[in-house]
Amino acid sequence: MFEFDLVSGPVVREVLTGNRHAVLDLVKQTYLDHEAGESVNPDSYFLRFPEKPDARIIALPSFLGADVQLAGIKWISSFPSNTTKSIPRASALLILNDYETGYPIACLEAAQISAARTAASAAVAAAALRPGDHRGTRVAVIGAGIIARNVCEYLKAAGCAPDAYVVHDLHAESGQALVDHLNDGLGEHADFTEDLGTALDADTVVFTTTAGTPYVHTPFKPGQLVLNLSLRDLAPEVILGASNVFDDVDHCMKAHTSPHLAEQATGGREFVTGTLAGVLGGDVSVPDDRPVVFSPFGLGILDLALGAFVHQRARAAGKTLAVPDFFAETQRW
């Protein structure tokens with residue numbers, strides 16, 4: 001009853017990379033469960049540091065009912081300066097709690113879970129908001145880190161097959177590394193561009209940067225799809241000139257995201273079209289006379305759903321590390 005498991009990064013990676021289609025299905029179903037009221041997803045809590053204004057550690061508590069029936073919390077740090085030391089920007093842990101007793105049952109390395117759920121949500125949105133397989137189109141990826149690599153992998157898993165990719169990053173070496181992965185690892189056709197405008201002209205534009213303030217001020221054109229994953233690249237006028245789809249509207253209107261700035265600028269939310277779950281369920285339609293921007297704040301319930309899946313698969317394969325006697329007391333008397 002009081003078992004406690006550790007799940008290491010290599011095991012998490014093995015489960016996720018071997019089950020990308022299942023991850024896509026889980027993310028889609030979790031959005032639908034959230035829309036149906038089968039979750040509790042409080043605000044994220046940001047721990048910031050006066051002497052490191054670009055760094056933060058975020059706590060994402062949540063509960064997911066439906067078929068999961070777990071609570072938990074992701075504790076994820078984002079230290080952008082790590083990239084100058086050639087180590088990843090983000091690191092994370094995920095704790096899973098049993099819903100019946102509240103006891104923790106597992107601790108998982110979660111940076112990969114976080115990257116996978118972010119990338120899978122982008123791929124689900126790309127497939128839903130541009131029906132078909134993206135043939136005859138060009139996808140631009142702006143920001144060429146670990147999230148970008150995962151997004152490209154999940155776009156392929158979701159059946160998105162554009163004619164070409166273009167990659168833009170202020171650090172040309174990182175951009176070229178993603179181009180090489182797309183060409184050699186995924187069998188796509190990709191090129192690097194130093195010109196931001198060339199990337200912004202693509203049919204689908206994916207933002208995976210560490211930008212803290214908007215720098216894109218030119219509105220997109222009708223027919224363009226923007227996956228606003230990093231949330232702070234777009235100026236308010238860009239948001240206001242688009243149809244806007246969210247993972248959760250209230251969550252996105254916080255922490256100085258581009259939609260939050262648009263709300264502050266206008267004093268309202270008239271620019272909101274609806275949620276991705278609404279699109280998936282057929283309750284929300286997206287007009288074709290405006291560009292479409294998908295802004296996902298990143299819900300903790302997605303981490304829970306993937307964490308539960310990884311834990312179950314890892315335990316079934318005998319690849320968890322059980323910690324005996326983790327709890328000092330398991331009886332009241």
# chains A, B, ... in the order shown; residues from 1 in each chain; ligands from 1

$ closest_atom_pairs --of "range 38-106 of chain A" --to "range 166-175 of chain A" --cutoff "12 Å" --atoms "only C-alpha atoms" --output "CSV"
residue,atom,partner,partner_atom,distance
A:Thr83,CA,A:Ser174,CA,10.0
A:Thr84,CA,A:His171,CA,10.5
A:Ser86,CA,A:Ser174,CA,10.5

$ atom_distance --atom1 "CA of Pro214 in chain A" --atom2 "CA of His256 in chain A"
10.0 Å

$ residues_around --residues "range 226-234 of chain A" --least-positions-apart "3" --cutoff "7 Å" --atoms "only C-alpha atoms" --output "VMD selection string"
chain A and resid 122 204 to 217 238 to 239 257 to 258 292 to 296

$ closest_residue --among "A:Val139, A:Ala277, A:Ile146, A:Val179" --to "Ala161 in chain A" --atoms "only C-alpha atoms"
A:Val139

$ atom_distance --atom1 "CA of Gln224 in chain A" --atom2 "CA of Arg290 in chain A"
8.0 Å

$ closest_residue --among "A:Leu321, A:Ala148, A:Ala128, A:Val249" --to "Leu299 in chain A" --atoms "only C-alpha atoms"
A:Val249

$ select_by_dssp --residues "range 2-173 of chain A" --states "alpha helix (DSSP H)" --output "ChimeraX atom specification"
/A:9-17,20-35,111-129,146-157,172-173

$ closest_residue --among "A:Gly300, A:Ser121, A:Glu109, A:Lys156" --to "Pro10 in chain A" --atoms "only C-alpha atoms"
A:Glu109

$ closest_residue --among "A:His21, A:Lys85, A:Arg315, A:His251" --to "Ala123 in chain A" --atoms "only C-alpha atoms"
A:His21

$ select_by_dssp --residues "range 64-141 of chain A" --states "strand (DSSP E or B)" --output "PyMOL selection string"
chain A and resi 64+70-78+90-98+104-109+138-141

$ atom_distance --atom1 "CA of Glu194 in chain A" --atom2 "CA of Pro80 in chain A"
20.9 Å
